[in-house]
Structure formats: C-alpha cells, structure tokens
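What follows is a single structure, written as structure tokens, with notes after it.
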Amino acid sequence: MKYKLHDGSIYEGAVSALPDGRLKTGETLTEDSVRCWPIEDHQIERARNDRGSFKADDPKTEDVNEAFTAKKKAPSRGKIKSK
C-alpha cells in the first residue's frame, strides 16, 4: 500500500500503527518515524520540477518515490450568496 507523507511525497515502505489509529513510517517506532496517511492510486500524480518536466526517482531512497506526489486539493470557491 502507498502512503502520503506531510510534504506530499509518496512512501511505500513498512508502517507502524499506533494505538490511537495514527500511522508512522518504519517497522518500529523510532525518532526518525514520521506520520503518514493511506492514499489510493487515483490520488497520485507524476511529480514535476520547477521547469515543468517530470522528476526522476532517487535510487538511494528505497522507501520514498520522488517521481510521484499526492494530488493537491483544488481551492474551494465558497458558497454562492443568494439575494
């Protein structure tokens, strides 16, 4: 399963479930563990750099896939006020 990290990157490694339902990265809880959220395949898109071309995955980081990011939510337009 894939997980979204706080910076929008995708994590595909092992996770630890805490008693209150939160998920943290890593098989065991350490000081390097960060919170993550489950994500579906339709919520993932290709990552782009500043010039707009696709980013490549860094082979040095096995658990994090930099080539994909979580889709950002569209800004809400607010309610239409009736007269």
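By order in the structure tokens, chains are A, B, ...; within a chain, residues start at 1; ligands start at 1, following the order shown.
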List every residue of range 6-34 of chain A that has an atom at most 12 Å from any atom of range 47-60 of chain A, giving for each one its closest atom pair and the distance in Å to one decimal, counting only C-alpha atoms, sorted by chain and then by ascending residue number, as CSV.
residue,atom,partner,partner_atom,distance
A:Gly8,CA,A:Ala47,CA,9.9
A:Ser9,CA,A:Ala47,CA,8.9
A:Ile10,CA,A:Ala47,CA,10.2
Filtered DSSP result for chain A, state strand (DSSP E), as a list in words: Lys2, Tyr3, Lys4, Leu5, Ser9, Ile10, Tyr11, Val15, Ser16, Ala17, Leu23, Lys24, Thr25, Arg35, Cys36, Trp37, Pro38, Ile39, Ile44, Glu45, Arg46, Val64, Asn65, Glu66, Ala67, Phe68, Thr69 and Ala70 of chain A
Export C-alpha atoms of the chosen residues as a CSV table (one decimal), in the first residue's frame?
chain,number,residue,atom,x,y,z
A,2,LYS,CA,1.1,3.6,-0.6
A,3,TYR,CA,1.1,6.3,1.9
A,4,LYS,CA,1.3,10.1,1.7
A,5,LEU,CA,3.9,12.0,3.9
A,9,SER,CA,5.8,12.7,-1.2
A,10,ILE,CA,4.8,9.0,-1.5
A,11,TYR,CA,6.1,6.4,0.9
A,15,VAL,CA,4.4,1.4,8.7
A,16,SER,CA,3.6,1.1,12.4
A,17,ALA,CA,0.1,1.5,13.7
A,23,LEU,CA,0.3,5.6,11.2
A,24,LYS,CA,4.1,6.2,11.4
A,25,THR,CA,6.8,5.2,8.9
A,35,ARG,CA,3.3,10.4,10.3
A,36,CYS,CA,1.8,9.1,7.1
A,37,TRP,CA,-1.7,8.7,5.6
A,38,PRO,CA,-3.0,6.0,3.3
A,39,ILE,CA,-3.6,7.0,-0.3
A,44,ILE,CA,-1.3,10.1,-7.1
A,45,GLU,CA,0.2,12.1,-10.0
A,46,ARG,CA,3.7,12.5,-11.6
A,64,VAL,CA,10.3,7.1,-0.9
A,65,ASN,CA,9.3,7.5,-4.5
A,66,GLU,CA,10.2,11.1,-5.6
A,67,ALA,CA,8.8,10.5,-9.1
A,68,PHE,CA,5.2,10.7,-7.8
A,69,THR,CA,3.4,13.1,-5.4
A,70,ALA,CA,-0.1,13.3,-3.9
Best match for closeness to Met1 in chain A among A:Ser33, A:Asp20, A:Asp41, A:Thr28, counting only C-alpha atoms: A:Asp41
From A:Asp7, A:Lys71, A:Leu18, A:Asp63, residue lying nearest Gln43 in chain A [only C-alpha atoms]: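 Once distances to Gln43 in chain A are computed over only C-alpha atoms, the minimum belongs to A:Lys71.
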